[in-house]
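Trainee: Just so it is clear, I am handing over work-v1.cif, which has mmCIF, C-alpha atoms.
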```cif
data_input
loop_
_atom_site.label_atom_id
_atom_site.label_comp_id
_atom_site.auth_asym_id
_atom_site.auth_seq_id
_atom_site.Cartn_x
_atom_site.Cartn_y
_atom_site.Cartn_z
CA MET Y 1 -77.88 83.05 -98.97
CA SER Y 2 -78.14 79.64 -100.63
CA ASN Y 3 -77.83 77.76 -97.33
CA ARG Y 4 -80.74 79.84 -96.02
CA GLU Y 5 -83.03 78.94 -98.90
CA TRP Y 6 -86.48 77.75 -97.88
CA PRO Y 7 -86.72 73.95 -97.94
CA LEU Y 8 -88.63 72.09 -100.64
CA TRP Y 9 -91.94 70.39 -99.76
CA GLU Y 10 -93.89 67.75 -101.67
CA VAL Y 11 -97.62 68.42 -101.80
CA PHE Y 12 -100.35 65.76 -101.69
CA ILE Y 13 -104.03 66.58 -102.15
CA ARG Y 14 -107.16 64.59 -101.32
CA SER Y 15 -109.57 65.70 -104.01
CA LYS Y 16 -112.67 64.39 -102.26
CA GLN Y 17 -113.75 62.34 -99.31
CA GLY Y 18 -113.10 58.64 -99.95
CA LEU Y 19 -110.08 59.11 -102.23
CA ASN Y 20 -106.35 58.91 -101.49
CA HIS Y 21 -104.09 61.91 -101.18
CA LYS Y 22 -102.28 62.23 -104.48
CA HIS Y 23 -98.97 63.91 -105.27
CA VAL Y 24 -99.51 67.15 -107.19
CA GLY Y 25 -96.15 68.92 -107.12
CA SER Y 26 -93.83 70.74 -104.80
CA LEU Y 27 -93.13 74.19 -103.43
CA ARG Y 28 -90.74 76.11 -101.20
CA ALA Y 29 -91.75 77.26 -97.71
CA PRO Y 30 -89.94 78.03 -94.44
CA ASP Y 31 -92.02 75.62 -92.32
CA ALA Y 32 -94.94 73.20 -92.43
CA THR Y 33 -97.55 75.80 -91.52
CA LEU Y 34 -96.60 78.07 -94.41
CA ALA Y 35 -96.10 75.09 -96.72
CA LEU Y 36 -99.77 74.19 -96.11
CA GLU Y 37 -100.92 77.75 -96.70
CA ASN Y 38 -98.85 78.09 -99.87
CA ALA Y 39 -100.09 74.70 -101.09
CA ARG Y 40 -103.63 75.93 -100.69
CA ASP Y 41 -102.90 78.97 -102.86
CA VAL Y 42 -100.78 77.19 -105.45
CA TYR Y 43 -102.61 73.87 -105.86
CA THR Y 44 -106.25 74.36 -104.82
CA ARG Y 45 -107.48 77.56 -106.48
CA ARG Y 46 -110.39 75.72 -108.12
CA SER Y 47 -111.74 73.38 -105.46
CA GLU Y 48 -109.20 70.67 -106.30
CA GLY Y 49 -108.98 69.50 -102.72
CA ILE Y 50 -110.49 69.06 -99.29
CA SER Y 51 -107.30 68.04 -97.51
CA ILE Y 52 -103.57 68.70 -97.98
CA TRP Y 53 -100.47 66.85 -96.84
CA VAL Y 54 -97.02 68.42 -97.10
CA VAL Y 55 -93.83 66.42 -96.61
CA GLU Y 56 -90.36 67.92 -96.65
CA SER Y 57 -88.78 66.52 -99.81
CA ASN Y 58 -85.65 65.49 -97.89
CA TYR Y 59 -87.69 62.83 -96.15
CA VAL Y 60 -88.89 61.12 -99.30
CA HIS Y 61 -86.88 57.99 -100.13
CA ALA Y 62 -87.32 56.68 -103.66
CA SER Y 63 -86.45 53.41 -105.35
CA ASP Y 64 -83.71 53.63 -107.97
CA PRO Y 65 -85.06 53.41 -111.55
CA SER Y 66 -82.10 51.21 -112.50
CA ASP Y 67 -83.31 48.66 -109.92
CA ALA Y 68 -86.76 48.58 -111.50
CA ASP Y 69 -86.13 45.26 -113.24
CA SER Y 70 -84.98 43.38 -110.17
CA LEU Y 71 -87.68 44.95 -108.01
CA PHE Y 72 -90.69 44.57 -110.23
CA GLU Y 73 -89.92 41.92 -112.80
CA PRO Y 74 -90.53 39.02 -110.37
CA SER Y 75 -94.20 39.96 -110.06
CA ASP Y 76 -94.61 40.14 -113.84
CA THR Y 77 -93.85 36.43 -114.13
CA LYS Y 78 -96.41 35.34 -111.54
CA VAL Y 79 -99.52 35.33 -113.65
CA TYR Y 80 -101.05 32.75 -111.29
CA ARG Y 81 -101.65 35.63 -108.84
CA HIS Y 82 -104.47 36.83 -111.09
CA PRO Y 83 -107.93 35.22 -111.18
CA THR Y 84 -107.92 35.06 -114.98
CA PHE Y 85 -105.10 32.47 -114.82
CA TYR Y 86 -107.58 29.78 -113.73
CA ASP Y 87 -109.99 27.89 -115.95
CA VAL Y 88 -113.32 27.01 -114.45
CA PRO Y 89 -115.96 24.87 -116.17
CA ASP Y 90 -118.69 26.62 -118.16
CA GLY Y 91 -121.82 27.19 -116.15
CA VAL Y 92 -120.07 27.89 -112.86
CA LYS Y 93 -121.63 31.06 -111.46
CA HIS Y 94 -120.70 33.74 -108.95
CA MET Y 95 -116.96 33.14 -109.25
CA MET N 1 -75.38 46.68 -111.43
CA LYS N 2 -74.26 46.45 -115.02
CA THR N 3 -72.27 49.36 -116.30
CA LEU N 4 -73.52 50.57 -119.63
CA ASP N 5 -71.66 52.74 -122.04
CA LEU N 6 -73.03 56.12 -122.97
CA GLN N 7 -74.05 55.10 -126.44
CA GLU N 8 -76.11 52.22 -125.13
CA LEU N 9 -77.78 54.48 -122.54
CA GLU N 10 -78.62 57.04 -125.20
CA LYS N 11 -80.02 54.35 -127.45
CA ARG N 12 -82.27 53.01 -124.70
CA PHE N 13 -83.36 56.53 -123.82
CA GLN N 14 -84.38 57.26 -127.42
CA GLU N 15 -86.23 53.92 -127.63
CA LYS N 16 -88.25 54.87 -124.55
CA VAL N 17 -89.05 58.27 -126.02
CA ASP N 18 -90.05 56.69 -129.34
CA LYS N 19 -92.38 54.33 -127.51
CA GLU N 20 -94.03 57.34 -125.81
CA ILE N 21 -92.81 56.25 -122.38
CA LYS N 22 -92.48 59.36 -120.22
CA ILE N 23 -89.13 60.27 -118.72
CA GLU N 24 -89.27 60.83 -114.97
CA PRO N 25 -86.85 62.81 -112.75
CA ASN N 26 -84.67 59.93 -111.55
CA ASP N 27 -84.44 58.20 -114.93
CA TRP N 28 -81.21 58.39 -116.91
CA MET N 29 -81.29 61.13 -119.53
CA PRO N 30 -78.67 62.69 -121.83
CA ASP N 31 -77.06 65.81 -120.36
CA GLU N 32 -78.20 67.82 -123.35
CA TYR N 33 -81.83 66.73 -122.83
CA ARG N 34 -81.62 67.85 -119.21
CA LYS N 35 -80.00 71.16 -120.18
CA THR N 36 -82.55 71.84 -122.91
CA LEU N 37 -85.41 71.21 -120.50
CA ILE N 38 -83.90 73.32 -117.73
CA ARG N 39 -83.51 76.17 -120.20
CA GLN N 40 -86.98 75.78 -121.68
CA ILE N 41 -88.92 75.20 -118.45
CA SER N 42 -87.18 77.96 -116.50
CA GLN N 43 -87.76 80.43 -119.33
CA HIS N 44 -91.37 79.32 -119.44
CA ALA N 45 -91.61 79.93 -115.67
CA HIS N 46 -90.04 83.37 -116.03
CA SER N 47 -92.57 84.20 -118.75
CA GLU N 48 -95.44 83.39 -116.39
CA ILE N 49 -93.99 85.57 -113.65
CA VAL N 50 -92.98 88.51 -115.87
CA GLY N 51 -96.38 88.16 -117.56
CA MET N 52 -98.00 89.26 -114.30
CA LEU N 53 -96.47 92.73 -114.62
CA PRO N 54 -98.33 94.30 -117.57
CA GLU N 55 -101.67 92.98 -116.30
CA GLY N 56 -101.06 93.56 -112.60
CA ASN N 57 -100.69 97.21 -113.49
CA TRP N 58 -104.40 97.31 -114.43
CA ILE N 59 -105.93 95.60 -111.39
CA THR N 60 -106.63 98.85 -109.54
CA ARG N 61 -107.95 100.48 -112.73
CA ALA N 62 -110.32 97.75 -113.92
CA PRO N 63 -113.62 99.37 -115.01
CA ASN N 64 -115.82 97.47 -112.55
CA LEU N 65 -115.72 94.98 -109.70
CA ARG N 66 -116.43 91.95 -111.89
CA ARG N 67 -113.55 92.71 -114.25
CA LYS N 68 -111.33 93.45 -111.28
CA ALA N 69 -112.07 90.11 -109.58
CA VAL N 70 -111.45 88.32 -112.88
CA LEU N 71 -108.15 90.09 -113.55
CA LEU N 72 -106.99 89.43 -110.01
CA ALA N 73 -107.78 85.72 -110.43
CA LYS N 74 -105.95 85.63 -113.76
CA VAL N 75 -102.82 87.29 -112.42
CA GLN N 76 -102.91 84.93 -109.42
CA ASP N 77 -103.09 82.00 -111.86
CA GLU N 78 -99.99 83.27 -113.66
CA ALA N 79 -98.14 83.25 -110.33
CA GLY N 80 -99.35 79.70 -109.76
CA HIS N 81 -98.22 78.65 -113.24
CA GLY N 82 -94.79 80.09 -112.60
CA LEU N 83 -94.61 78.09 -109.38
CA TYR N 84 -95.68 74.78 -111.01
CA LEU N 85 -92.94 75.33 -113.56
CA TYR N 86 -90.22 76.27 -111.06
CA SER N 87 -91.21 73.14 -109.18
CA SER N 88 -90.81 71.02 -112.30
CA VAL N 89 -87.45 72.61 -113.20
CA GLU N 90 -86.22 71.65 -109.72
CA THR N 91 -86.95 68.00 -110.46
CA LEU N 92 -84.14 68.23 -113.05
CA GLY N 93 -81.65 69.22 -110.37
CA ALA N 94 -81.68 72.92 -111.19
CA ASP N 95 -81.55 75.43 -108.37
CA ARG N 96 -84.69 77.59 -108.33
CA GLU N 97 -82.96 80.72 -107.06
CA ALA N 98 -80.14 80.32 -109.58
CA THR N 99 -82.61 80.19 -112.46
CA MET N 100 -84.14 83.43 -111.20
CA ASP N 101 -80.71 85.03 -110.93
CA ASP N 102 -80.19 84.09 -114.59
CA LEU N 103 -83.37 85.99 -115.42
CA HIS N 104 -82.17 89.04 -113.51
CA SER N 105 -78.73 89.01 -115.11
CA GLY N 106 -80.26 88.79 -118.59
CA LYS N 107 -78.78 85.34 -119.23
CA ALA N 108 -82.20 83.67 -119.29
CA LYS N 109 -84.93 84.96 -121.58
CA TYR N 110 -88.69 85.08 -121.25
CA SER N 111 -91.47 85.47 -123.77
CA SER N 112 -90.77 88.62 -125.80
CA ILE N 113 -94.45 89.60 -125.74
CA PHE N 114 -94.19 90.87 -122.15
CA ASN N 115 -91.78 93.58 -123.22
CA TYR N 116 -94.67 95.43 -124.84
CA PRO N 117 -96.63 97.83 -122.62
CA ALA N 118 -100.34 97.48 -121.78
CA VAL N 119 -101.38 101.10 -122.27
CA THR N 120 -105.19 100.94 -122.45
CA TRP N 121 -107.91 98.82 -120.89
CA ALA N 122 -108.50 97.19 -124.29
CA ASP N 123 -104.95 95.82 -124.09
CA ILE N 124 -106.02 93.66 -121.15
CA GLY N 125 -108.79 92.00 -123.16
CA THR N 126 -106.46 91.66 -126.15
CA ILE N 127 -103.71 90.08 -124.06
CA GLY N 128 -106.20 87.50 -122.75
CA TRP N 129 -107.50 86.73 -126.22
CA LEU N 130 -104.33 86.83 -128.35
CA VAL N 131 -101.43 86.35 -125.94
CA ASP N 132 -103.07 83.67 -123.83
CA GLY N 133 -104.53 82.22 -127.02
CA ALA N 134 -101.06 81.88 -128.53
CA ALA N 135 -99.72 80.50 -125.25
CA ILE N 136 -102.48 77.86 -125.19
CA MET N 137 -101.61 76.79 -128.73
CA ASN N 138 -98.04 76.19 -127.58
CA GLN N 139 -98.91 74.66 -124.26
CA VAL N 140 -101.51 72.18 -125.49
CA ALA N 141 -98.72 70.70 -127.61
CA LEU N 142 -96.45 70.59 -124.56
CA CYS N 143 -98.98 68.48 -122.61
CA ARG N 144 -97.53 65.53 -124.55
CA CYS N 145 -93.90 66.46 -123.84
CA SER N 146 -91.70 63.45 -123.09
CA TYR N 147 -90.67 64.80 -119.67
CA GLY N 148 -93.33 63.73 -117.14
CA PRO N 149 -93.27 66.61 -114.63
CA TYR N 150 -93.37 69.23 -117.42
CA ALA N 151 -96.19 67.47 -119.24
CA ARG N 152 -98.24 67.15 -116.03
CA GLY N 153 -97.72 70.81 -115.19
CA MET N 154 -98.86 71.73 -118.68
CA VAL N 155 -102.10 69.77 -118.34
CA LYS N 156 -102.99 71.74 -115.23
CA ILE N 157 -101.91 75.04 -116.80
CA CYS N 158 -103.94 74.46 -119.97
CA LYS N 159 -107.09 73.77 -117.98
CA GLU N 160 -106.66 77.09 -116.23
CA GLU N 161 -105.58 79.11 -119.27
CA SER N 162 -108.78 78.57 -121.18
CA PHE N 163 -110.55 80.88 -118.72
CA HIS N 164 -107.85 83.48 -119.44
CA GLN N 165 -108.56 83.50 -123.13
CA ARG N 166 -112.34 83.52 -122.77
CA GLN N 167 -112.42 86.37 -120.26
CA GLY N 168 -110.27 88.44 -122.62
CA TYR N 169 -112.50 87.73 -125.57
CA GLU N 170 -115.62 88.51 -123.55
CA SER N 171 -114.14 91.84 -122.50
CA LEU N 172 -113.44 92.66 -126.16
CA VAL N 173 -116.99 91.68 -127.19
CA THR N 174 -118.21 94.27 -124.69
CA LEU N 175 -115.87 96.96 -126.05
CA CYS N 176 -116.66 96.14 -129.68
CA ASN N 177 -120.39 96.45 -128.99
CA GLY N 178 -119.85 99.69 -127.07
CA THR N 179 -119.29 103.27 -128.16
CA PRO N 180 -117.25 104.11 -131.28
CA ALA N 181 -114.44 105.21 -128.96
CA GLN N 182 -114.46 101.82 -127.20
CA LYS N 183 -114.43 99.98 -130.52
CA ALA N 184 -111.55 102.16 -131.72
CA MET N 185 -109.64 101.38 -128.52
CA ALA N 186 -110.10 97.63 -129.20
CA GLN N 187 -108.89 98.04 -132.79
CA ASP N 188 -105.86 99.99 -131.62
CA ALA N 189 -104.94 97.22 -129.17
CA MET N 190 -105.35 94.66 -131.96
CA ASN N 191 -103.06 96.71 -134.20
CA ARG N 192 -100.31 96.73 -131.58
CA PHE N 193 -100.60 93.13 -130.33
CA TRP N 194 -101.22 91.13 -133.50
CA TRP N 195 -97.64 90.91 -134.73
CA PRO N 196 -96.01 90.47 -131.32
CA ALA N 197 -98.52 87.64 -130.68
CA LEU N 198 -97.43 85.87 -133.88
CA MET N 199 -93.80 86.30 -132.82
CA MET N 200 -94.54 84.38 -129.61
CA PHE N 201 -94.16 81.12 -131.55
CA GLY N 202 -90.49 81.89 -132.03
CA PRO N 203 -88.23 82.00 -135.07
CA SER N 204 -89.19 80.41 -138.34
CA ASP N 205 -88.32 76.69 -138.54
CA ALA N 206 -85.38 77.41 -140.83
CA ASP N 207 -83.84 79.65 -138.13
CA SER N 208 -84.63 77.49 -135.13
CA PRO N 209 -81.46 75.46 -134.55
CA HIS N 210 -82.62 73.38 -131.57
CA SER N 211 -85.98 72.46 -133.07
CA ALA N 212 -84.99 69.23 -134.80
CA GLN N 213 -83.36 67.74 -131.69
CA SER N 214 -86.28 68.82 -129.51
CA MET N 215 -88.69 67.15 -131.92
CA LYS N 216 -86.64 63.96 -131.86
CA TRP N 217 -86.71 63.97 -128.07
CA LYS N 218 -90.44 64.73 -128.20
CA ILE N 219 -90.01 67.83 -126.09
CA LYS N 220 -91.64 69.60 -129.00
CA ARG N 221 -94.42 68.03 -131.04
CA PHE N 222 -95.01 70.70 -133.67
CA SER N 223 -92.72 73.21 -135.31
CA ASN N 224 -92.94 76.94 -134.58
CA ASP N 225 -94.38 77.63 -138.02
CA GLU N 226 -97.01 74.90 -137.73
CA LEU N 227 -98.23 76.27 -134.40
CA ARG N 228 -98.21 79.84 -135.72
CA GLN N 229 -100.33 78.77 -138.69
CA SER N 230 -102.82 76.99 -136.41
CA PHE N 231 -103.08 80.13 -134.31
CA VAL N 232 -103.76 82.35 -137.32
CA ASP N 233 -106.34 79.91 -138.66
CA ALA N 234 -108.14 79.79 -135.32
CA THR N 235 -107.98 83.51 -134.64
CA VAL N 236 -109.09 85.12 -137.92
CA PRO N 237 -112.75 84.01 -137.59
CA GLN N 238 -112.73 85.20 -133.95
CA ALA N 239 -111.60 88.65 -135.10
CA GLU N 240 -114.37 88.68 -137.71
CA ILE N 241 -117.00 88.06 -135.02
CA LEU N 242 -115.62 91.01 -133.07
CA GLY N 243 -115.64 93.14 -136.21
CA LEU N 244 -111.95 93.92 -135.80
CA THR N 245 -109.53 94.20 -138.71
CA ILE N 246 -106.31 92.23 -138.57
CA PRO N 247 -103.45 94.61 -139.41
CA ASP N 248 -102.14 92.62 -142.37
CA PRO N 249 -103.11 93.57 -145.94
CA ASN N 250 -101.90 90.19 -147.23
CA LEU N 251 -104.02 88.09 -144.91
CA LYS N 252 -106.33 85.91 -146.97
CA TRP N 253 -107.74 82.42 -147.10
CA ASN N 254 -105.79 80.09 -149.35
CA GLU N 255 -108.23 77.49 -150.62
CA GLU N 256 -105.49 75.28 -151.98
CA ARG N 257 -103.50 75.10 -148.75
CA GLY N 258 -106.58 75.14 -146.53
CA HIS N 259 -104.92 77.83 -144.42
CA TYR N 260 -104.72 81.59 -144.19
CA ASP N 261 -101.76 83.24 -145.90
CA PHE N 262 -100.16 86.12 -144.04
CA SER N 263 -97.29 88.60 -144.46
CA PRO N 264 -93.77 87.74 -143.42
CA ILE N 265 -92.90 88.58 -139.83
CA ASN N 266 -90.54 91.43 -139.00
CA TRP N 267 -87.78 89.29 -137.49
CA ASP N 268 -85.55 92.31 -136.88
CA GLU N 269 -88.09 93.57 -134.38
CA PHE N 270 -88.32 90.11 -132.81
CA TRP N 271 -84.56 89.84 -132.27
CA GLN N 272 -84.33 93.42 -131.03
CA VAL N 273 -86.92 92.66 -128.35
CA VAL N 274 -85.44 89.26 -127.46
CA ASN N 275 -82.02 90.84 -127.08
CA GLY N 276 -83.19 93.43 -124.60
CA ASN N 277 -84.18 96.40 -126.72
CA GLY N 278 -87.99 96.18 -126.57
CA PRO N 279 -90.08 98.99 -125.11
CA CYS N 280 -90.25 97.51 -121.58
CA ASN N 281 -87.33 95.06 -121.18
CA LYS N 282 -85.51 97.15 -118.61
CA GLU N 283 -88.65 98.00 -116.67
CA ARG N 284 -89.65 94.31 -116.42
CA ILE N 285 -86.27 93.12 -115.17
CA ASP N 286 -85.99 96.03 -112.75
CA ALA N 287 -89.40 95.15 -111.32
CA ARG N 288 -88.34 91.51 -110.80
CA LYS N 289 -85.05 92.47 -109.17
CA LYS N 290 -86.78 94.94 -106.89
CA ALA N 291 -89.30 92.27 -105.88
CA LYS N 292 -86.51 89.88 -104.97
CA GLU N 293 -84.42 92.45 -103.10
CA ASN N 294 -87.32 94.07 -101.26
CA GLY N 295 -88.78 90.72 -100.30
CA MET N 296 -85.48 89.34 -99.02
CA TRP N 297 -86.03 90.42 -95.40
CA VAL N 298 -89.44 88.74 -95.35
CA ARG N 299 -87.99 85.45 -96.56
CA GLU N 300 -85.13 85.67 -94.08
CA ALA N 301 -87.46 86.54 -91.19
CA ALA N 302 -89.76 83.61 -92.04
CA MET N 303 -86.77 81.26 -92.10
CA ALA N 304 -85.39 82.61 -88.82
CA TYR N 305 -88.80 82.23 -87.19
CA ALA N 306 -89.12 78.64 -88.42
CA GLU N 307 -85.64 77.79 -87.13
CA LYS N 308 -86.36 79.38 -83.75
CA ARG N 309 -89.59 77.45 -83.36
CA ALA N 310 -87.91 74.21 -84.37
CA MET N 311 -85.22 74.79 -81.75
CA LYS N 312 -87.82 75.44 -79.03
CA LYS N 313 -89.52 72.17 -79.90
CA THR N 314 -86.33 70.12 -79.55
CA ALA N 315 -85.19 71.98 -76.39
#
```
Show me, as structure tokens, the structure contained in the file I just sent.
Mentor:
Amino acid sequence: MSNREWPLWEVFIRSKQGLNHKHVGSLRAPDATLALENARDVYTRRSEGISIWVVESNYVHASDPSDADSLFEPSDTKVYRHPTFYDVPDGVKHM
Amino acid sequence: MKTLDLQELEKRFQEKVDKEIKIEPNDWMPDEYRKTLIRQISQHAHSEIVGMLPEGNWITRAPNLRRKAVLLAKVQDEAGHGLYLYSSVETLGADREATMDDLHSGKAKYSSIFNYPAVTWADIGTIGWLVDGAAIMNQVALCRCSYGPYARGMVKICKEESFHQRQGYESLVTLCNGTPAQKAMAQDAMNRFWWPALMMFGPSDADSPHSAQSMKWKIKRFSNDELRQSFVDATVPQAEILGLTIPDPNLKWNEERGHYDFSPINWDEFWQVVNGNGPCNKERIDARKKAKENGMWVREAAMAYAEKRAMKKTA
């Protein structure tokens, strides 16, 4: 039976027009149609959403947490990418 | 990649936990942390699902349409809570179906409270007020659990649970302001559920072997006895407003401690119920097994249909 288990789906909800879809959790369903219907029942019982995405979990590729340093550390050292790095004379406006 | 020895990994893990940095599914974690969480979260999920049984039994017998709609929504929430939790236990690499099989075989436990029957309508209000009230006390503390997916699930569950407690209390207000027979029914429910509700917080700290490690890992934030005391302190004034008597002759305010004192708990009863000898243990597990077995053909048919449609698409 285990090989016939329903696949796992990741659920993303847009809470209102103008906002991104956001990951809210996962569920099991036999196909995309039922995954959407189940997601409605499981994750939007109190008007939490106006749009749902479901993605089969198998298709999500994630970065490895042990690579976090090499991936993200370089951007931590580049403070000059932020506007606050630069001094401008007093009295300069609209900048 | 550098290879790190186990001790170093454990040290870094504990440092993260101490700094209140959440642990996420793909992060390194000690095997025992993973095992503890799988056990705790799956048993929490089972409690939500088994918890639907005593209340579901009353949906068709609710006294009016409003109460029926409310009870239906509450039971549906419990199903949802079970599903959030099964989804978070899967992030730890546990197999959802296997955790359910552990429930059915008796290997995994669930909250002992659901082994007590709901015999009158007043029990439904009392369950909402006391049982959900006790669950909220536990779950609010779990919102700050060190494991990210569990903590996030708890935040969502707590938001939803507060309706559960309030609807129960409201239903009891109605009964307590009703006929003498209705008031007596509410008192009877209180008499039966008070002690089992206090037992929901689990064994006393002295007899809770995993507690210290769970506190260190910040899975738990407060001890069983601390949470139980908070629950008693919060609930006594609520009972007074209802005009119900708490079935404990030793219950009284202790000015010095700033808490209510109460009688010792009957731990023999607690362990009897946990170990399968409560009034409804067998009935609850049988109902779950029957649901799984009788629903098997539906799940298989849905899978077969999905596979067939997928094949047609590629053909």
Trainee: Could you build a table of the residues in chain N lying no more than 9 Å from chain Y, giving for each the nearest pair of atoms and their separation in Å rounded to one decimal place, using only C-alpha atoms, ordered by chain and ascending residue number, as a Markdown table?
Mentor:
```
| residue | atom | partner | partner_atom | distance |
| --- | --- | --- | --- | --- |
| N:Met1 | CA | Y:Ser66 | CA | 8.2 |
| N:Asn26 | CA | Y:Pro65 | CA | 6.5 |
| N:Asp27 | CA | Y:Pro65 | CA | 5.9 |
| N:Trp28 | CA | Y:Pro65 | CA | 8.3 |
| N:Gln76 | CA | Y:Asp41 | CA | 8.9 |
| N:Asp77 | CA | Y:Arg45 | CA | 8.2 |
| N:Ala79 | CA | Y:Val42 | CA | 8.2 |
| N:Gly80 | CA | Y:Val42 | CA | 5.2 |
| N:His81 | CA | Y:Val42 | CA | 8.3 |
| N:Leu83 | CA | Y:Leu27 | CA | 7.3 |
| N:Tyr84 | CA | Y:Gly25 | CA | 7.0 |
| N:Tyr86 | CA | Y:Leu27 | CA | 8.4 |
| N:Ser87 | CA | Y:Ser26 | CA | 5.6 |
| N:Ser88 | CA | Y:Gly25 | CA | 7.7 |
| N:Glu97 | CA | Y:Ser2 | CA | 8.1 |
| N:Pro149 | CA | Y:Gly25 | CA | 8.4 |
| N:Arg152 | CA | Y:Val24 | CA | 8.9 |
| N:Gly153 | CA | Y:Gly25 | CA | 8.4 |
| N:Arg299 | CA | Y:Trp6 | CA | 8.0 |
| N:Glu300 | CA | Y:Arg4 | CA | 7.6 |
| N:Ala302 | CA | Y:Pro30 | CA | 6.1 |
| N:Met303 | CA | Y:Pro30 | CA | 5.1 |
| N:Ala304 | CA | Y:Pro30 | CA | 8.6 |
| N:Tyr305 | CA | Y:Pro30 | CA | 8.5 |
| N:Ala306 | CA | Y:Asp31 | CA | 5.7 |
| N:Glu307 | CA | Y:Pro30 | CA | 8.5 |
```
Trainee: Evaluating the PyMOL selection byres ((chain N and resi 165-168) around 10) on the displayed file yields which residues, as number ranges by chain?
Mentor: N: 67, 70-71, 74, 122-136, 160-164, 169-173
Trainee: Quick one: distance from CA of Ala181 in chain N to CA of Ser112 in chain N in Å, one decimal?
Mentor: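 It comes out at 29.1 Å.
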Trainee: Using the chain letters and residue numbers of this document, give as a list in words the residues selected by the PyMOL selection byres ((chain N and resi 101) around 12).
Mentor: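 This file gives the following for the PyMOL selection byres ((chain N and resi 101) around 12): Ser2 of chain Y; Ser42, Gln43, His46, Asp95, Arg96, Glu97, Ala98, Thr99, Met100, Asp102, Leu103, His104, Ser105, Gly106, Lys107, Ala108, Lys109, Ile285, Arg288, Lys289, Lys292 and Glu293 of chain N.
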Trainee: What is the distance, in Å and to one decimal place, between CA of Glu226 in chain N and CA of Lys35 in chain N?
Mentor: 24.7 Å
Trainee: Skipping near chain neighbours, those fewer than 2 positions away, what residues fall within 12 Å of Met215 in chain N using only C-alpha atoms, listed as JSON, numbers by chain?
Mentor: {"N": [14, 17, 18, 33, 36, 141, 142, 144, 145, 146, 205, 208, 209, 210, 211, 212, 213, 217, 218, 219, 220, 221, 222, 223, 224]}
Trainee: Grab the CA of Pro54 in chain N to CA of Asp268 in chain N distance for me, in Å with one decimal place.
Mentor: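 Rounded to one decimal, the two atoms are 23.2 Å apart.
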Trainee: Between N:Met154, N:Val89, N:Met52, N:Val232, single out the one closest to Leu72 in chain N, counting all atoms listed in the file.
Mentor: N:Met52
Trainee: When distances are computed from only C-alpha atoms, which of N:Ser214, N:Ser111, N:Asn191, N:Gln182 shows the smallest separation from Arg34 in chain N?
Mentor: N:Ser214
